[in-house]
$ cat model_33.txt   # compact mmCIF, C-alpha atoms
# COMPACT_ATOMS: atom_id res chain seq x y z
CA MET G 1 31.66 170.32 194.16
CA ALA G 2 35.30 169.36 193.53
CA GLU G 3 34.55 168.84 189.86
CA LYS G 4 32.94 172.30 189.57
CA GLU G 5 36.03 173.79 191.17
CA ASP G 6 38.24 172.00 188.63
CA VAL G 7 36.09 173.26 185.75
CA ASP G 8 36.29 176.81 187.09
CA LYS G 9 40.04 176.46 187.64
CA ALA G 10 40.71 175.24 184.11
CA SER G 11 38.32 177.78 182.57
CA GLY G 12 39.95 180.58 184.52
CA MET G 13 43.50 179.69 183.54
CA LYS G 14 44.67 182.00 180.77
CA HIS G 15 46.95 179.43 179.19
CA TYR G 16 45.21 176.22 180.16
CA ALA G 17 45.25 174.75 176.64
CA GLY G 18 48.98 175.35 176.31
CA LEU G 19 49.68 173.90 179.75
CA ALA G 20 47.56 170.84 179.02
CA VAL G 21 49.34 170.20 175.71
CA PHE G 22 52.74 170.81 177.30
CA SER G 23 52.11 168.39 180.18
CA SER G 24 50.87 165.74 177.77
CA ALA G 25 53.91 166.30 175.55
CA VAL G 26 56.27 165.89 178.51
CA GLY G 27 54.63 162.60 179.43
CA HIS G 28 54.93 161.41 175.84
CA ALA G 29 58.59 162.55 175.75
CA LEU G 30 59.38 160.02 178.46
CA ASP G 31 57.77 157.38 176.26
CA GLY G 32 60.03 158.31 173.33
CA LEU G 33 63.13 158.52 175.51
CA ASP G 34 62.56 155.05 176.92
CA LEU G 35 61.87 153.31 173.62
CA MET G 36 64.82 154.93 171.87
CA ILE G 37 67.38 154.12 174.54
CA LEU G 38 66.36 150.50 174.08
CA GLY G 39 67.62 150.77 170.50
CA PHE G 40 70.95 152.22 171.62
CA ALA G 41 71.27 149.63 174.39
CA MET G 42 70.69 146.67 172.04
CA SER G 43 74.37 145.92 171.37
CA GLY G 44 75.20 145.96 175.09
CA ILE G 45 72.18 143.86 175.99
CA MET G 46 73.10 141.25 173.35
CA ALA G 47 76.66 141.06 174.71
CA SER G 48 75.64 140.96 178.39
CA PHE G 49 72.98 138.26 177.98
CA ASN G 50 74.64 136.43 175.05
CA ILE G 51 71.62 136.66 172.72
CA ASP G 52 71.28 137.23 168.96
CA LYS G 53 69.64 140.12 167.08
CA THR G 54 66.28 138.43 166.63
CA THR G 55 66.03 137.57 170.34
CA ALA G 56 67.11 141.07 171.35
CA SER G 57 64.51 142.61 169.05
CA MET G 58 61.86 140.74 171.01
CA LEU G 59 62.41 143.23 173.84
CA THR G 60 60.70 145.85 171.70
CA THR G 61 57.85 143.43 171.03
CA ILE G 62 57.57 142.62 174.74
CA THR G 63 57.54 146.32 175.67
CA LEU G 64 54.77 146.98 173.16
CA ALA G 65 52.80 143.97 174.42
CA GLY G 66 52.87 145.65 177.83
CA ALA G 67 51.79 148.91 176.18
CA PHE G 68 48.87 147.09 174.58
CA LEU G 69 47.71 145.83 177.98
CA GLY G 70 48.35 149.21 179.59
CA GLY G 71 46.36 150.93 176.87
CA LEU G 72 43.35 148.75 177.54
CA VAL G 73 43.53 149.22 181.30
CA PHE G 74 44.60 152.84 181.73
CA GLY G 75 42.45 154.17 178.88
CA ARG G 76 39.29 152.81 180.45
CA MET G 77 40.38 154.18 183.83
CA ALA G 78 41.00 157.61 182.31
CA ASP G 79 37.44 157.75 180.93
CA LYS G 80 36.03 156.72 184.31
CA TYR G 81 38.26 158.45 186.85
CA GLY G 82 40.03 161.33 185.11
CA ARG G 83 42.63 162.03 182.43
CA ILE G 84 45.23 163.78 184.59
CA ARG G 85 44.85 161.42 187.55
CA VAL G 86 45.37 158.26 185.54
CA LEU G 87 48.14 159.80 183.43
CA THR G 88 49.98 160.46 186.70
CA TYR G 89 49.59 156.85 187.87
CA SER G 90 50.79 155.48 184.55
CA VAL G 91 53.90 157.69 184.44
CA VAL G 92 54.92 156.57 187.93
CA PHE G 93 54.36 152.92 187.00
CA PHE G 94 56.45 153.36 183.87
CA GLY G 95 59.27 155.14 185.72
CA VAL G 96 59.63 152.50 188.41
CA PHE G 97 60.04 149.62 185.97
CA THR G 98 62.28 151.57 183.59
CA LEU G 99 64.61 152.09 186.54
CA ALA G 100 64.31 148.40 187.43
CA SER G 101 65.50 147.51 183.90
CA ALA G 102 68.91 148.91 184.82
CA PHE G 103 69.36 146.18 187.43
CA ALA G 104 68.04 143.18 185.47
CA PRO G 105 70.46 140.26 186.11
CA ASN G 106 69.41 138.20 183.08
CA PHE G 107 67.35 138.35 179.90
CA LEU G 108 64.21 136.94 181.54
CA MET G 109 64.15 139.65 184.21
CA MET G 110 64.95 142.27 181.60
CA ALA G 111 62.00 141.11 179.53
CA LEU G 112 59.72 141.26 182.60
CA CYS G 113 60.84 144.80 183.45
CA ARG G 114 60.33 145.88 179.86
CA PHE G 115 56.83 144.40 179.81
CA LEU G 116 55.84 146.22 183.00
CA ALA G 117 57.40 149.50 181.84
CA GLY G 118 55.38 149.04 178.66
CA VAL G 119 52.18 148.83 180.69
CA GLY G 120 52.84 152.39 181.84
CA ILE G 121 53.87 153.50 178.36
CA GLY G 122 50.53 152.30 176.99
CA ALA G 123 48.66 155.15 178.64
CA GLU G 124 50.80 158.10 177.66
CA PHE G 125 50.02 158.53 173.97
CA GLY G 126 46.26 158.01 174.24
CA ILE G 127 45.54 159.94 177.40
CA GLY G 128 47.86 162.76 176.37
CA MET G 129 46.14 163.03 173.00
CA ALA G 130 42.71 163.04 174.63
CA ILE G 131 43.77 165.85 176.97
CA ALA G 132 45.25 167.91 174.11
CA ALA G 133 42.19 167.45 171.89
CA GLU G 134 39.76 168.34 174.67
CA ALA G 135 41.73 171.39 175.81
CA SER G 136 42.20 172.94 172.35
CA SER G 137 39.88 174.74 169.95
CA PRO G 138 38.54 172.88 166.88
CA GLU G 139 40.58 175.13 164.58
CA ARG G 140 43.85 174.19 166.30
CA ARG G 141 43.14 170.60 167.31
CA ALA G 142 45.56 168.86 164.91
CA ARG G 143 48.32 171.27 165.89
CA ALA G 144 47.62 170.58 169.56
CA THR G 145 47.78 166.80 169.17
CA SER G 146 50.84 167.22 166.96
CA GLY G 147 52.38 169.11 169.86
CA VAL G 148 52.01 165.98 171.97
CA GLY G 149 53.61 164.01 169.14
CA LEU G 150 56.52 166.45 169.21
CA GLY G 151 57.06 165.55 172.84
CA PHE G 152 57.80 161.97 171.87
CA GLN G 153 60.47 163.13 169.42
CA VAL G 154 62.06 165.41 172.01
CA GLY G 155 62.51 162.29 174.12
CA VAL G 156 63.95 160.40 171.15
CA LEU G 157 66.29 163.31 170.38
CA LEU G 158 67.54 163.38 173.96
CA ALA G 159 68.19 159.64 173.77
CA SER G 160 70.10 160.12 170.50
CA LEU G 161 72.33 162.81 171.98
CA LEU G 162 72.83 161.37 175.48
CA SER G 163 73.11 157.64 174.82
CA ALA G 164 76.72 157.61 173.57
CA PRO G 165 78.23 159.54 176.53
CA ILE G 166 76.10 157.61 179.05
CA ILE G 167 77.10 154.24 177.57
CA THR G 168 80.76 155.32 177.53
CA SER G 169 80.64 156.32 181.20
CA PHE G 170 78.19 153.86 182.74
CA GLY G 171 77.44 151.15 180.18
CA TRP G 172 74.03 150.32 178.75
CA ARG G 173 72.48 149.95 182.20
CA GLY G 174 73.06 153.63 182.84
CA LEU G 175 70.55 154.44 180.11
CA PHE G 176 67.71 152.91 182.12
CA ALA G 177 68.72 154.56 185.40
CA ILE G 178 66.91 157.71 184.25
CA GLY G 179 63.67 155.97 185.23
CA ILE G 180 63.49 158.12 188.35
CA VAL G 181 62.81 161.24 186.24
CA PRO G 182 59.22 160.27 185.24
CA VAL G 183 58.20 160.00 188.90
CA ILE G 184 59.10 163.65 189.47
CA VAL G 185 57.36 164.70 186.26
CA ALA G 186 54.19 162.86 187.27
CA ILE G 187 53.98 164.70 190.57
CA LEU G 188 54.32 168.08 188.85
CA ILE G 189 51.63 167.26 186.30
CA ARG G 190 49.23 166.13 189.02
CA VAL G 191 49.73 169.30 191.05
CA PHE G 192 49.53 171.96 188.34
CA VAL G 193 47.17 170.66 185.63
CA PRO G 194 43.39 170.32 186.23
CA GLU G 195 41.14 167.97 184.26
CA PRO G 196 39.76 169.20 180.90
CA PRO G 197 36.38 170.89 181.45
CA ILE G 198 34.68 168.98 178.61
CA TYR G 199 35.59 165.70 180.30
CA LEU G 200 34.25 166.78 183.69
CA LYS G 201 30.99 167.96 182.13
CA HIS G 202 30.45 164.62 180.36
CA ARG G 203 31.47 162.35 183.22
CA GLY G 204 28.18 162.81 184.97
CA ASN G 205 26.01 161.60 182.09
CA ASP G 206 24.45 158.17 181.71
CA GLU G 207 26.74 156.96 178.92
CA LYS G 208 29.05 153.98 179.36
CA HIS G 209 32.44 155.42 180.18
CA GLY G 210 35.47 153.44 179.07
CA SER G 211 33.64 150.48 177.54
CA LEU G 212 35.78 148.61 175.02
CA ARG G 213 32.65 146.99 173.61
CA GLU G 214 31.29 150.43 172.66
CA LEU G 215 34.18 150.90 170.23
CA PHE G 216 32.55 148.21 168.07
CA ALA G 217 28.90 148.80 169.05
CA THR G 218 27.72 149.90 165.59
CA ALA G 219 28.71 149.15 162.00
CA GLU G 220 30.07 152.68 161.69
CA ARG G 221 32.26 152.31 164.76
CA VAL G 222 33.52 148.92 163.57
CA LYS G 223 34.63 150.57 160.31
CA TYR G 224 36.28 153.46 162.13
CA SER G 225 38.03 151.23 164.68
CA ILE G 226 39.42 148.82 162.09
CA ALA G 227 40.62 151.67 159.85
CA ILE G 228 42.37 153.37 162.78
CA ILE G 229 44.04 150.10 163.82
CA VAL G 230 45.31 149.63 160.26
CA LEU G 231 46.66 153.19 160.14
CA CYS G 232 48.35 152.87 163.53
CA THR G 233 49.79 149.47 162.60
CA VAL G 234 51.41 150.92 159.48
CA GLN G 235 52.66 153.98 161.35
CA ASN G 236 54.35 151.93 164.04
CA ALA G 237 55.69 149.21 161.75
CA GLY G 238 57.45 151.94 159.79
CA TYR G 239 58.64 153.89 162.81
CA PHE G 240 59.89 151.03 164.96
CA GLY G 241 61.18 149.07 162.01
CA ILE G 242 63.40 152.00 161.12
CA MET G 243 64.34 153.47 164.49
CA THR G 244 65.00 150.24 166.41
CA TRP G 245 67.70 149.16 163.95
CA LEU G 246 68.88 152.47 162.48
CA PRO G 247 71.73 152.92 165.01
CA SER G 248 72.91 149.35 164.41
CA TYR G 249 72.62 149.75 160.60
CA LEU G 250 74.67 152.95 160.61
CA ASN G 251 77.24 151.50 163.00
CA THR G 252 77.74 147.97 161.65
CA GLU G 253 77.06 148.18 157.90
CA LEU G 254 78.02 151.77 157.14
CA LYS G 255 80.85 151.80 159.71
CA LEU G 256 79.90 155.04 161.44
CA SER G 257 81.18 155.47 165.00
CA LEU G 258 78.81 155.30 167.94
CA THR G 259 79.04 159.09 168.34
CA SER G 260 78.37 159.63 164.62
CA THR G 261 75.50 157.17 164.77
CA GLY G 262 73.90 159.30 167.47
CA LEU G 263 74.35 162.43 165.33
CA TRP G 264 72.86 160.83 162.21
CA THR G 265 69.93 159.47 164.23
CA ALA G 266 69.42 162.90 165.84
CA VAL G 267 69.18 164.53 162.38
CA THR G 268 66.55 161.96 161.39
CA VAL G 269 64.62 162.84 164.56
CA LEU G 270 64.88 166.57 163.78
CA GLY G 271 63.27 165.79 160.44
CA MET G 272 60.50 163.99 162.30
CA MET G 273 59.94 167.04 164.49
CA LEU G 274 59.64 169.33 161.48
CA GLY G 275 57.30 166.83 159.82
CA ILE G 276 55.03 166.69 162.85
CA SER G 277 54.79 170.49 162.96
CA VAL G 278 54.09 170.75 159.23
CA PHE G 279 51.54 167.94 159.38
CA GLY G 280 49.57 169.61 162.18
CA PHE G 281 49.43 172.84 160.20
CA LEU G 282 48.32 171.08 156.99
CA ALA G 283 45.73 168.94 158.78
CA ASP G 284 44.12 172.04 160.32
CA HIS G 285 44.12 173.95 157.02
CA LEU G 286 43.72 171.38 154.25
CA GLY G 287 41.95 168.64 156.18
CA ARG G 288 42.89 165.28 157.71
CA ARG G 289 42.80 163.18 154.54
CA PRO G 290 44.95 165.43 152.30
CA ALA G 291 47.57 165.77 155.02
CA PHE G 292 47.78 162.01 155.59
CA TRP G 293 47.93 161.24 151.87
CA ILE G 294 50.75 163.74 151.26
CA PHE G 295 52.83 162.26 154.06
CA GLN G 296 52.10 158.62 153.22
CA ILE G 297 53.31 159.12 149.65
CA GLY G 298 56.34 161.03 150.90
CA ALA G 299 57.20 158.29 153.41
CA ALA G 300 57.02 155.53 150.81
CA VAL G 301 59.33 157.42 148.43
CA MET G 302 61.88 158.54 151.02
CA VAL G 303 62.26 155.13 152.69
CA VAL G 304 63.25 153.63 149.33
CA ILE G 305 65.69 156.48 148.58
CA TYR G 306 67.28 156.31 152.04
CA SER G 307 67.88 152.56 151.77
CA GLN G 308 70.09 153.18 148.72
CA LEU G 309 72.31 155.88 150.24
CA LYS G 310 75.89 155.24 151.33
CA ASP G 311 77.55 158.66 151.42
CA PRO G 312 77.53 160.16 154.97
CA ASN G 313 76.39 163.61 153.81
CA ALA G 314 73.63 162.11 151.67
CA LEU G 315 72.55 160.02 154.67
CA LEU G 316 72.15 163.20 156.73
CA ILE G 317 69.88 164.85 154.16
CA GLY G 318 68.03 161.63 153.32
CA GLY G 319 67.53 160.76 156.98
CA PHE G 320 66.10 164.20 157.68
CA LEU G 321 63.55 163.89 154.87
CA MET G 322 62.73 160.25 155.65
CA GLY G 323 62.09 161.16 159.27
CA MET G 324 59.94 164.12 158.24
CA PHE G 325 57.52 162.01 156.21
CA ALA G 326 57.69 158.65 158.03
CA ASN G 327 56.79 160.06 161.42
CA GLY G 328 55.22 163.43 160.66
CA MET G 329 51.77 161.84 160.84
CA ILE G 330 52.01 160.73 164.47
CA GLY G 331 50.19 163.72 165.98
CA GLY G 332 47.39 163.44 163.46
CA TYR G 333 46.06 160.22 164.96
CA GLY G 334 45.22 162.06 168.18
CA ALA G 335 42.96 164.51 166.35
CA LEU G 336 41.53 161.81 164.08
CA ILE G 337 40.52 159.47 166.90
CA SER G 338 39.23 162.28 169.12
CA GLU G 339 36.85 163.41 166.37
CA LEU G 340 35.49 159.91 165.70
CA PHE G 341 34.55 158.94 169.27
CA PRO G 342 32.57 160.75 172.01
CA THR G 343 34.07 162.09 175.25
CA GLU G 344 32.99 159.11 177.37
CA LEU G 345 35.01 156.79 175.08
CA ARG G 346 37.78 159.10 173.91
CA ALA G 347 40.67 157.96 176.13
CA THR G 348 39.63 154.33 175.69
CA ALA G 349 39.61 154.70 171.90
CA GLN G 350 42.92 156.57 171.86
CA THR G 351 44.77 154.05 174.01
CA ALA G 352 43.11 150.82 172.84
CA LEU G 353 43.17 151.47 169.09
CA TYR G 354 46.58 153.12 168.95
CA ASN G 355 48.25 150.52 171.16
CA THR G 356 46.69 147.67 169.21
CA GLY G 357 48.34 149.12 166.11
CA ARG G 358 51.54 149.80 168.02
CA PHE G 359 51.66 146.23 169.30
CA ILE G 360 51.02 144.68 165.89
CA GLY G 361 53.12 147.06 163.79
CA GLY G 362 55.75 147.97 166.36
CA GLY G 363 56.17 144.38 167.43
CA PHE G 364 56.28 142.99 163.90
CA GLY G 365 58.40 145.73 162.31
CA PRO G 366 61.71 145.26 164.22
CA VAL G 367 61.48 141.46 164.06
CA ALA G 368 60.73 141.53 160.32
CA ILE G 369 63.60 143.94 159.67
CA ALA G 370 65.98 141.74 161.66
CA ALA G 371 64.86 138.63 159.79
CA ILE G 372 65.12 140.25 156.34
CA ALA G 373 68.45 141.87 157.20
CA THR G 374 69.93 138.49 158.12
CA GLY G 375 69.76 137.41 154.50
CA HIS G 376 69.78 140.69 152.56
CA GLY G 377 71.27 143.38 154.81
CA PHE G 378 69.65 146.25 156.71
CA GLY G 379 69.58 148.58 153.70
CA PHE G 380 67.34 146.25 151.72
CA ALA G 381 65.24 145.45 154.80
CA ILE G 382 64.56 149.14 155.53
CA GLY G 383 63.62 149.73 151.88
CA THR G 384 60.85 147.12 152.03
CA ILE G 385 58.98 149.28 154.57
CA SER G 386 57.77 151.51 151.73
CA LEU G 387 55.17 148.91 150.74
CA ILE G 388 53.12 149.31 153.92
CA TYR G 389 52.30 152.98 153.25
CA VAL G 390 50.17 151.92 150.28
CA VAL G 391 47.91 150.09 152.74
CA ALA G 392 47.63 153.20 154.92
CA PHE G 393 46.77 155.34 151.88
CA ILE G 394 43.80 153.07 151.10
CA ALA G 395 42.67 152.96 154.76
CA MET G 396 42.18 156.75 154.79
CA PHE G 397 39.22 156.35 152.40
CA PHE G 398 37.29 154.72 155.27
CA VAL G 399 37.82 157.56 157.76
CA PRO G 400 35.71 160.73 157.50
CA ASP G 401 37.43 164.09 157.53
CA LYS G 402 36.03 166.11 160.46
CA LYS G 403 38.33 169.11 160.29
CA GLY G 404 37.03 171.89 162.52
CA ALA G 405 34.15 169.85 163.98
CA ALA G 406 33.20 170.23 167.66
CA LEU G 407 33.91 167.19 169.84
CA GLU G 408 30.94 165.06 170.89

$ encode --input "model_33.txt" --output "structure tokens"
Amino acid sequence: MAEKEDVDKASGMKHYAGLAVFSSAVGHALDGLDLMILGFAMSGIMASFNIDKTTASMLTTITLAGAFLGGLVFGRMADKYGRIRVLTYSVVFFGVFTLASAFAPNFLMMALCRFLAGVGIGAEFGIGMAIAAEASSPERRARATSGVGLGFQVGVLLASLLSAPIITSFGWRGLFAIGIVPVIVAILIRVFVPEPPIYLKHRGNDEKHGSLRELFATAERVKYSIAIIVLCTVQNAGYFGIMTWLPSYLNTELKLSLTSTGLWTAVTVLGMMLGISVFGFLADHLGRRPAFWIFQIGAAVMVVIYSQLKDPNALLIGGFLMGMFANGMIGGYGALISELFPTELRATAQTALYNTGRFIGGGFGPVAIAAIATGHGFGFAIGTISLIYVVAFIAMFFVPDKKGAALE
């Protein structure tokens, strides 16, 4: 009876799709805010705990390891018990341990808090994308999931603009004190947003909800799952490899001030936001494959160009364009995965496959950049990222283009 009431409530809401996308985007914004402030806090963390760059970069890897575990756990729960309900739990979990990071007395406790915050982070991309895909029409699905991707960049942009004044006033620990905000957001989402009707209608069937094994149950699903993991690995290796060390690169090698570093990073993020919007439009009109191929080629070219720039004005323009192509694809994965897997597995596929790629690529990217930069400088290290987009270009041949198709 409660489920029928939820279906009727969602169906009767004039702007349900918009509200669902907005709530998912807000949840994902907290994800972006948290991961970006870690980049700005790196210098302070290294000084406070007396650790080197490579050790400090492991905090990103540890956070993403938690996200990998959280993706496996919360995704399955979302397919079994509800998208909105489990998204709420995960946001609260994330908020509590982000706040706890502000009080970590040593590197070991900091690493533990980051891991546990990551567990909550692991749910937000996948569940948010599942909600957006299920709430939107087939003709607007890529734009809806791109809207969730935009949320992440809003969080990153806020971190870029707020980090310098917060660090100046409160030190790096002040950046993590914002962990109380997600708890409030989670309560609002839970109260005002009902479950997607398509999910409620499918939950009562006899299919296996949230089974990780089902992601690899057939040869076709094995192909899809591996291709998606490869794509997500490349996406996150590029993103985290660039964004984790970009503030440090601009500050230490190019001698920009901390305030200027925030501005330059913010411009890069604005480029990402434009790229996400353009990608969603292209994916809904041209198809998934053409949109991904355009942006993969653009990312490879712009990363190389950006790594050669030294002039501050050129860095602004180059950073904007690099951000546009390197991260414009992020929302497309939500539509892509949603169209490849049925409703009873959708949240599991979104969280498990994306977070596997995020753990591998996001964990490897910052460490690899730090290691390469030690011998050759950050400029050269960032330029090497262009090679991975060739792999992603090839992987798209193994994923069918289901533009405009109804969800299973």

$ residues_near_point --input "model_33.txt" --point "(55.4, 155.3, 165.6)" --cutoff "9 Å" --atoms "all atoms listed in the file" --output "number ranges by chain"
G: 232-240, 326-327, 329-330, 358, 361-362

$ closest_residue --input "model_33.txt" --among "G:Ser160, G:Gln296, G:Gln308, G:Thr145" --to "G:Gln350" --atoms "only C-alpha atoms"
G:Thr145

$ atom_distance --input "model_33.txt" --atom1 "atom CA of G:Thr98" --atom2 "atom CA of G:Val119"
10.9 Å

$ closest_atom_pairs --input "model_33.txt" --of "stretch 283-376 of chain G" --to "stretch 125-135 of chain G" --cutoff "9 Å" --atoms "all atoms listed in the file" --output "JSON lines"
{"residue": "G:Gly331", "atom": "CA", "partner": "G:Met129", "partner_atom": "CA", "distance": 8.1}
{"residue": "G:Tyr333", "atom": "CA", "partner": "G:Met129", "partner_atom": "CA", "distance": 8.5}
{"residue": "G:Gly334", "atom": "CA", "partner": "G:Met129", "partner_atom": "CA", "distance": 5.0}
{"residue": "G:Ala335", "atom": "CA", "partner": "G:Ala133", "partner_atom": "CA", "distance": 6.3}
{"residue": "G:Ile337", "atom": "CA", "partner": "G:Ala130", "partner_atom": "CA", "distance": 8.8}
{"residue": "G:Ser338", "atom": "CA", "partner": "G:Ala130", "partner_atom": "CA", "distance": 6.6}
{"residue": "G:Glu339", "atom": "CA", "partner": "G:Ala133", "partner_atom": "CA", "distance": 8.7}
{"residue": "G:Thr343", "atom": "CA", "partner": "G:Glu134", "partner_atom": "CA", "distance": 8.5}
{"residue": "G:Arg346", "atom": "CA", "partner": "G:Ala130", "partner_atom": "CA", "distance": 6.4}
{"residue": "G:Ala347", "atom": "CA", "partner": "G:Ile127", "partner_atom": "CA", "distance": 5.4}
{"residue": "G:Thr348", "atom": "CA", "partner": "G:Gly126", "partner_atom": "CA", "distance": 7.7}
{"residue": "G:Ala349", "atom": "CA", "partner": "G:Gly126", "partner_atom": "CA", "distance": 7.8}
{"residue": "G:Gln350", "atom": "CA", "partner": "G:Gly126", "partner_atom": "CA", "distance": 4.3}
{"residue": "G:Thr351", "atom": "CA", "partner": "G:Gly126", "partner_atom": "CA", "distance": 4.2}
{"residue": "G:Ala352", "atom": "CA", "partner": "G:Gly126", "partner_atom": "CA", "distance": 8.0}
{"residue": "G:Leu353", "atom": "CA", "partner": "G:Gly126", "partner_atom": "CA", "distance": 8.9}
{"residue": "G:Tyr354", "atom": "CA", "partner": "G:Gly126", "partner_atom": "CA", "distance": 7.2}
{"residue": "G:Asn355", "atom": "CA", "partner": "G:Gly126", "partner_atom": "CA", "distance": 8.3}

$ write_last_selection --input "model_33.txt" --atoms "C-alpha atoms" --output "PDB file, in the coordinates of the input"
ATOM      1  CA  GLY G 331      50.190 163.720 165.980  1.00  0.00           C
ATOM      2  CA  TYR G 333      46.060 160.220 164.960  1.00  0.00           C
ATOM      3  CA  GLY G 334      45.220 162.060 168.180  1.00  0.00           C
ATOM      4  CA  ALA G 335      42.960 164.510 166.350  1.00  0.00           C
ATOM      5  CA  ILE G 337      40.520 159.470 166.900  1.00  0.00           C
ATOM      6  CA  SER G 338      39.230 162.280 169.120  1.00  0.00           C
ATOM      7  CA  GLU G 339      36.850 163.410 166.370  1.00  0.00           C
ATOM      8  CA  THR G 343      34.070 162.090 175.250  1.00  0.00           C
ATOM      9  CA  ARG G 346      37.780 159.100 173.910  1.00  0.00           C
ATOM     10  CA  ALA G 347      40.670 157.960 176.130  1.00  0.00           C
ATOM     11  CA  THR G 348      39.630 154.330 175.690  1.00  0.00           C
ATOM     12  CA  ALA G 349      39.610 154.700 171.900  1.00  0.00           C
ATOM     13  CA  GLN G 350      42.920 156.570 171.860  1.00  0.00           C
ATOM     14  CA  THR G 351      44.770 154.050 174.010  1.00  0.00           C
ATOM     15  CA  ALA G 352      43.110 150.820 172.840  1.00  0.00           C
ATOM     16  CA  LEU G 353      43.170 151.470 169.090  1.00  0.00           C
ATOM     17  CA  TYR G 354      46.580 153.120 168.950  1.00  0.00           C
ATOM     18  CA  ASN G 355      48.250 150.520 171.160  1.00  0.00           C
TER      19      ASN G 355
END

$ atom_distance --input "model_33.txt" --atom1 "atom CA of G:Phe398" --atom2 "atom CA of G:Ile228"
9.2 Å
